[in-house]
Amino acid sequence: MAAAGAGQQWVLVEMVQAFYEAPAYHLILEGILILWIIRLLFSKTYKLQERSDLTLKEKEELIEEWQPEPLVPPVPKDHPALNYNIVSGPPTHIITVNGKECINFASFNFLGLLDNEKVKSAAQASLKKYGVGTCGPRGFYGTFDVHLELEERLAKFMRTEEAIIYSYGFATIASAIPAYSKRGDIVFVDEAACFAIQKGLQASRSNIKLFKHNDMADLERLLKEQETEDQKNPRKARVTRRFMVVEGLYMNTGDICPLPELIKLKYKYKVRIFLEESLSFGVLGEHGRGITEHFGINIDDIDLISANMENSLASIGGFCCGRSFIIDHQRLSGQGYCFSASLPPLLAAAAIEALNIMEDNPDIFQTLRAKCERIHKALQGISGLKVVGESFSPALHLQLEESSGSRENDVKLLKRVVDYCMNSGIALTQARYLEKEEKCLPPPSIRVVITVEQTEQELDKAASLLKEAAQSVLN
């Protein structure tokens, strides 16, 4: 007992000694903390507020004064989306817009198959056999034999193991991306990527890394940075998937992607690559198979190819193709595939017939390319406008050489050019964007679309008229 008492005294002496030896700031800090603890112990955790009941009249006045925020922002009546052009008849080579007959330089009917008699006959025969629609997704009595035939034909045409079709072109890549890339995964994407890709990335909730348009040095910089991060945390790196998403021909610029360089980076940094070919399918390559055929690249080097059937095939919907195990995953996880009514059989039959025409007439792609190059050359040197896009792209952009300083004014100037051409029998359109939702908003532009149906005289007329319109409006 005596020893225990002596020990306690010794501890007390040590505490007092430490108190005297402690620096002044240490004592002040401890004192403040002790006072704060005492305050918290004895202060009230909340204050009772006096209740004031409003009279019925006061409540009614407050309710009457309250104005809710608008559900949507106010839209001016002259907004282009509220003042659209009305087409009567098929949007083929010659189109009737607002009652005026024009040469069509606006519709993406690249191969002129929209009004093709064979395509229409195939669609009509399918309409009589199957009816109008399907009224069900593919997993719920929405799979018809014609769907399976189209998927088989697309896979064979693209020389891949398997293909899957969607009933809506926009939803194809927007559904494919989130089917594979999830939260925590990393996607390297070109800043000029189209809006459908952007929506797919948003739905995936992945970590998005934008690289400058077609800038392989900037892409490799991002890949190297990610490689360094992976080395710091190898456990996380093992479960993180990495993707590159690019377009064959970019919708927003008309530029071609440098696919050979992308393939090198894919294998160097072990990244999967998704290729969106809505603009290049049925356009590039000796047989219209797209950018892989254009560059002579083995299609197995691409993990997933997607394209819509609303351009060259003149139908509706889209498709993805690749290895069987990759495509089969979309049948379980592709939102647009699982939850949307399947493609109407008549449109599937039309797409099959369009594929037949493409296979039977491979010269059609050279014809289209020659016409693209002709008008691309003719549009050079227009005062106030510059041509954006490859010479072989069937969708070119005309942008202002110098901005007025206001996007709104730029759009109005280009609209006057479009209206000038429309009044003279050439139907053009401005590129439209959801300005508040675009990641990298492209400059305003006029889109010029080339098809095999346009004659050389019509191409020259359109170029001449655009020069005349630019001279009148911009100068």
# chains A, B, ... in the order shown; residues from 1 in each chain; ligands from 1
>>> closest_atom_pairs(of="region 308-375 of chain A", to="region 164-187 of chain A", cutoff="10 Å", atoms="only C-alpha atoms", output="CSV")
residue,atom,partner,partner_atom,distance
A:Asn308,CA,A:Gly169,CA,4.7
A:Met309,CA,A:Gly169,CA,6.8
A:Glu310,CA,A:Gly169,CA,6.8
A:Asn311,CA,A:Gly169,CA,9.7
A:Ser315,CA,A:Gly169,CA,9.7
A:Ile316,CA,A:Tyr168,CA,6.4
A:Gly317,CA,A:Tyr168,CA,3.9
A:Gly318,CA,A:Gly169,CA,4.4
A:Phe319,CA,A:Ile165,CA,4.2
A:Cys320,CA,A:Ile164,CA,5.4
A:Cys321,CA,A:Ile164,CA,6.4
A:Gly322,CA,A:Ile164,CA,9.2
A:Ser324,CA,A:Ile164,CA,9.9
A:Ile326,CA,A:Tyr180,CA,9.0
A:Ile327,CA,A:Ile164,CA,6.6
A:Asp328,CA,A:Ile164,CA,8.3
A:His329,CA,A:Ala179,CA,7.6
A:Gln330,CA,A:Ala179,CA,6.3
A:Arg331,CA,A:Ile164,CA,7.9
A:Leu332,CA,A:Ala179,CA,8.6
A:Ser333,CA,A:Ala179,CA,5.2
A:Gly334,CA,A:Ser175,CA,5.1
A:Gln335,CA,A:Ser175,CA,5.4
A:Gly336,CA,A:Ser175,CA,5.7
A:Tyr337,CA,A:Tyr166,CA,5.7
A:Cys338,CA,A:Tyr166,CA,9.4
A:Ser340,CA,A:Ser167,CA,7.3
A:Ala341,CA,A:Ser167,CA,7.1
A:Ser342,CA,A:Ser167,CA,5.4
A:Leu343,CA,A:Ser167,CA,4.3
A:Pro344,CA,A:Ser167,CA,7.7
A:Leu347,CA,A:Ser167,CA,9.3
A:Ala348,CA,A:Ile165,CA,9.2
>>> write_last_selection(atoms="C-alpha atoms", output="CSV table (one decimal), in the first residue's frame")
chain,number,residue,atom,x,y,z
A,308,ASN,CA,-26.4,4.4,-87.5
A,309,MET,CA,-28.4,3.1,-90.4
A,310,GLU,CA,-30.0,6.5,-91.0
A,311,ASN,CA,-27.4,7.9,-93.5
A,315,SER,CA,-33.3,3.4,-93.0
A,316,ILE,CA,-33.7,4.0,-89.2
A,317,GLY,CA,-31.8,2.7,-86.2
A,318,GLY,CA,-28.2,1.7,-85.7
A,319,PHE,CA,-25.9,-1.3,-85.1
A,320,CYS,CA,-22.8,-2.3,-83.3
A,321,CYS,CA,-20.5,-5.1,-84.4
A,322,GLY,CA,-17.4,-6.9,-83.0
A,324,SER,CA,-19.4,-12.3,-80.2
A,326,ILE,CA,-18.7,-8.2,-76.7
A,327,ILE,CA,-21.9,-8.0,-78.7
A,328,ASP,CA,-23.7,-10.5,-76.5
A,329,HIS,CA,-23.1,-8.3,-73.5
A,330,GLN,CA,-25.1,-5.5,-75.1
A,331,ARG,CA,-28.1,-7.9,-75.3
A,332,LEU,CA,-28.1,-7.9,-71.5
A,333,SER,CA,-26.9,-4.3,-70.8
A,334,GLY,CA,-27.7,-2.0,-73.8
A,335,GLN,CA,-30.4,0.2,-72.5
A,336,GLY,CA,-31.8,1.1,-76.0
A,337,TYR,CA,-31.8,-2.6,-76.9
A,338,CYS,CA,-33.4,-3.9,-73.8
A,340,SER,CA,-37.1,0.2,-76.6
A,341,ALA,CA,-39.5,-1.4,-79.0
A,342,SER,CA,-37.4,-3.2,-81.7
A,343,LEU,CA,-36.8,-1.9,-85.2
A,344,PRO,CA,-40.0,-2.1,-87.4
A,347,LEU,CA,-37.1,-0.8,-91.9
A,348,ALA,CA,-35.0,-3.8,-91.3
>>> residues_around(residues="region 77-81 of chain A", least_positions_apart="5", cutoff="10 Å", atoms="only C-alpha atoms", output="ChimeraX atom specification")
/A:415,430,432
>>> write_last_selection(atoms="N, CA, C and O atoms", output="mmCIF file, in the first residue's frame")
data_model
loop_
_atom_site.group_PDB
_atom_site.id
_atom_site.type_symbol
_atom_site.label_atom_id
_atom_site.label_comp_id
_atom_site.auth_asym_id
_atom_site.auth_seq_id
_atom_site.Cartn_x
_atom_site.Cartn_y
_atom_site.Cartn_z
ATOM 1 N N LYS A 415 -27.557 32.151 -91.194
ATOM 2 C CA LYS A 415 -28.948 31.878 -91.565
ATOM 3 C C LYS A 415 -29.346 32.689 -92.803
ATOM 4 O O LYS A 415 -30.072 32.200 -93.676
ATOM 5 N N GLN A 430 -28.194 24.791 -91.293
ATOM 6 C CA GLN A 430 -27.168 25.109 -90.311
ATOM 7 C C GLN A 430 -27.001 23.935 -89.367
ATOM 8 O O GLN A 430 -27.962 23.235 -89.040
ATOM 9 N N ARG A 432 -26.916 22.339 -85.922
ATOM 10 C CA ARG A 432 -27.619 22.713 -84.695
ATOM 11 C C ARG A 432 -27.019 21.986 -83.501
ATOM 12 O O ARG A 432 -26.665 20.807 -83.580
#
>>> closest_atom_pairs(of="region 89-113 of chain A", to="region 360-375 of chain A", cutoff="10 Å", atoms="only C-alpha atoms", output="tab-separated table")
residue	atom	partner	partner_atom	distance
A:Phe110	CA	A:Leu368	CA	7.6
A:Leu111	CA	A:Ile364	CA	7.3
A:Gly112	CA	A:Ile364	CA	9.9
>>> write_last_selection(atoms="N, CA and C atoms", output="short mmCIF file (atom, residue, chain, number, x, y, z; two decimals), in the first residue's frame")
data_model
loop_
_atom_site.label_atom_id
_atom_site.label_comp_id
_atom_site.auth_asym_id
_atom_site.auth_seq_id
_atom_site.Cartn_x
_atom_site.Cartn_y
_atom_site.Cartn_z
N PHE A 110 -26.61 9.80 -98.45
CA PHE A 110 -25.36 9.80 -99.19
C PHE A 110 -25.40 8.97 -100.47
N LEU A 111 -25.98 7.78 -100.39
CA LEU A 111 -25.97 6.86 -101.53
C LEU A 111 -27.25 6.93 -102.34
N GLY A 112 -28.13 7.87 -102.00
CA GLY A 112 -29.35 8.06 -102.79
C GLY A 112 -30.33 6.92 -102.72
#
>>> atom_distance(atom1="CA of Ser126 (chain A)", atom2="CA of Arg153 (chain A)")
16.9 Å
>>> residues_around(residues="Thr253 (chain A)", least_positions_apart="2", cutoff="12 Å", atoms="only C-alpha atoms", output="ChimeraX atom specification")
/A:190-194,213-214,247-251,255-257,279,387-391,393-399,431,441-448
>>> write_last_selection(atoms="C-alpha atoms", output="PDB file, in the first residue's frame")
ATOM      1  CA  ASP A 190     -11.883  13.511 -78.542  1.00  0.00           C
ATOM      2  CA  GLU A 191     -13.272  16.927 -77.607  1.00  0.00           C
ATOM      3  CA  ALA A 192     -15.073  17.107 -80.991  1.00  0.00           C
ATOM      4  CA  ALA A 193     -17.122  13.965 -80.244  1.00  0.00           C
ATOM      5  CA  CYS A 194     -20.765  14.112 -81.322  1.00  0.00           C
ATOM      6  CA  HIS A 213      -9.280  17.226 -81.517  1.00  0.00           C
ATOM      7  CA  ASN A 214      -7.188  14.668 -83.444  1.00  0.00           C
ATOM      8  CA  GLU A 247     -15.393   8.855 -84.621  1.00  0.00           C
ATOM      9  CA  GLY A 248     -14.328   7.654 -88.057  1.00  0.00           C
ATOM     10  CA  LEU A 249     -15.464  10.901 -89.690  1.00  0.00           C
ATOM     11  CA  TYR A 250     -16.395  13.509 -87.109  1.00  0.00           C
ATOM     12  CA  MET A 251     -19.934  14.798 -87.409  1.00  0.00           C
ATOM     13  CA  ASP A 255     -12.360  15.416 -90.138  1.00  0.00           C
ATOM     14  CA  ILE A 256     -11.093  11.842 -90.272  1.00  0.00           C
ATOM     15  CA  CYS A 257      -9.545  10.333 -87.157  1.00  0.00           C
ATOM     16  CA  LEU A 279     -20.649   9.238 -91.033  1.00  0.00           C
ATOM     17  CA  VAL A 387     -14.407  25.055 -95.581  1.00  0.00           C
ATOM     18  CA  VAL A 388     -13.987  22.634 -92.662  1.00  0.00           C
ATOM     19  CA  GLY A 389     -13.724  18.899 -93.282  1.00  0.00           C
ATOM     20  CA  GLU A 390     -11.883  16.356 -95.415  1.00  0.00           C
ATOM     21  CA  SER A 391     -12.166  16.575 -99.200  1.00  0.00           C
ATOM     22  CA  SER A 393     -16.277  13.783 -96.408  1.00  0.00           C
ATOM     23  CA  PRO A 394     -19.922  13.835 -97.589  1.00  0.00           C
ATOM     24  CA  ALA A 395     -20.775  16.356 -94.866  1.00  0.00           C
ATOM     25  CA  LEU A 396     -18.749  19.573 -94.960  1.00  0.00           C
ATOM     26  CA  HIS A 397     -18.980  22.655 -92.752  1.00  0.00           C
ATOM     27  CA  LEU A 398     -18.777  26.291 -93.835  1.00  0.00           C
ATOM     28  CA  GLN A 399     -17.714  28.534 -90.969  1.00  0.00           C
ATOM     29  CA  ALA A 431     -25.539  22.705 -87.889  1.00  0.00           C
ATOM     30  CA  LEU A 441     -19.426  23.797 -78.389  1.00  0.00           C
ATOM     31  CA  PRO A 442     -18.383  23.915 -82.087  1.00  0.00           C
ATOM     32  CA  PRO A 443     -18.484  27.255 -83.924  1.00  0.00           C
ATOM     33  CA  PRO A 444     -21.668  28.045 -85.894  1.00  0.00           C
ATOM     34  CA  SER A 445     -21.600  26.589 -89.382  1.00  0.00           C
ATOM     35  CA  ILE A 446     -23.554  25.759 -92.527  1.00  0.00           C
ATOM     36  CA  ARG A 447     -23.582  22.042 -93.261  1.00  0.00           C
ATOM     37  CA  VAL A 448     -23.258  20.992 -96.906  1.00  0.00           C
TER      38      VAL A 448
END
>>> select_by_dssp(residues="region 42-245 of chain A", states="helix (DSSP H, G or I)", output="PyMOL selection string")
chain A and resi 42+56-65+80-82+117-130+145-158+169-180+195-204+216-232+234-239
>>> atom_distance(atom1="CA of Asn298 (chain A)", atom2="CA of Val245 (chain A)")
17.7 Å
>>> closest_residue(among="A:Val418, A:Ile208, A:Leu346, A:Val87", to="Thr134 (chain A)", atoms="only C-alpha atoms")
A:Leu346
>>> select_by_dssp(residues="region 208-245 of chain A", states="strand (DSSP E or B)", output="mmCIF file with C-alpha atoms, in the first residue's frame")
data_model
loop_
_atom_site.group_PDB
_atom_site.id
_atom_site.type_symbol
_atom_site.label_atom_id
_atom_site.label_comp_id
_atom_site.auth_asym_id
_atom_site.auth_seq_id
_atom_site.Cartn_x
_atom_site.Cartn_y
_atom_site.Cartn_z
ATOM 1 C CA ILE A 208 -13.889 11.419 -68.701
ATOM 2 C CA LYS A 209 -10.591 12.770 -70.045
ATOM 3 C CA LEU A 210 -10.930 14.998 -73.124
ATOM 4 C CA PHE A 211 -8.022 15.347 -75.538
ATOM 5 C CA ARG A 242 -9.745 2.231 -69.861
ATOM 6 C CA PHE A 243 -11.379 3.160 -73.158
ATOM 7 C CA MET A 244 -10.784 5.463 -76.116
ATOM 8 C CA VAL A 245 -13.857 6.724 -77.964
#
>>> residues_around(residues="Asn85 (chain A)", least_positions_apart="5", cutoff="10 Å", atoms="only C-alpha atoms", output="VMD selection string")
chain A and resid 80 96 to 99 429
>>> write_last_selection(atoms="all heavy atoms", output="compact mmCIF listing (two decimals), in the first residue's frame")
# COMPACT_ATOMS: atom_id res chain seq x y z
N PRO A 80 -34.77 29.07 -83.68
CA PRO A 80 -34.84 28.15 -84.84
C PRO A 80 -35.64 26.88 -84.57
O PRO A 80 -36.30 26.36 -85.47
CB PRO A 80 -33.37 27.83 -85.10
CG PRO A 80 -32.60 28.97 -84.53
CD PRO A 80 -33.39 29.45 -83.36
N THR A 96 -39.03 19.36 -101.56
CA THR A 96 -39.96 20.49 -101.49
C THR A 96 -40.00 20.99 -100.07
O THR A 96 -40.46 20.28 -99.15
CB THR A 96 -41.38 20.08 -101.95
OG1 THR A 96 -41.29 19.54 -103.28
CG2 THR A 96 -42.32 21.27 -101.94
N VAL A 97 -39.48 22.20 -99.85
CA VAL A 97 -39.40 22.79 -98.51
C VAL A 97 -40.24 24.05 -98.47
O VAL A 97 -40.06 24.96 -99.29
CB VAL A 97 -37.93 23.14 -98.16
CG1 VAL A 97 -37.84 23.64 -96.72
CG2 VAL A 97 -37.03 21.95 -98.36
N ASN A 98 -41.17 24.07 -97.54
CA ASN A 98 -42.08 25.22 -97.40
C ASN A 98 -42.76 25.55 -98.73
O ASN A 98 -42.95 26.72 -99.08
CB ASN A 98 -41.33 26.45 -96.86
CG ASN A 98 -40.71 26.19 -95.50
OD1 ASN A 98 -41.22 25.41 -94.71
ND2 ASN A 98 -39.59 26.85 -95.23
N GLY A 99 -43.07 24.50 -99.48
CA GLY A 99 -43.77 24.67 -100.76
C GLY A 99 -42.87 25.02 -101.92
O GLY A 99 -43.34 25.17 -103.04
N THR A 429 -28.64 23.62 -94.65
CA THR A 429 -29.07 23.73 -93.26
C THR A 429 -27.89 24.15 -92.40
O THR A 429 -26.73 23.91 -92.76
CB THR A 429 -29.63 22.39 -92.74
OG1 THR A 429 -30.15 22.58 -91.43
CG2 THR A 429 -28.56 21.32 -92.68
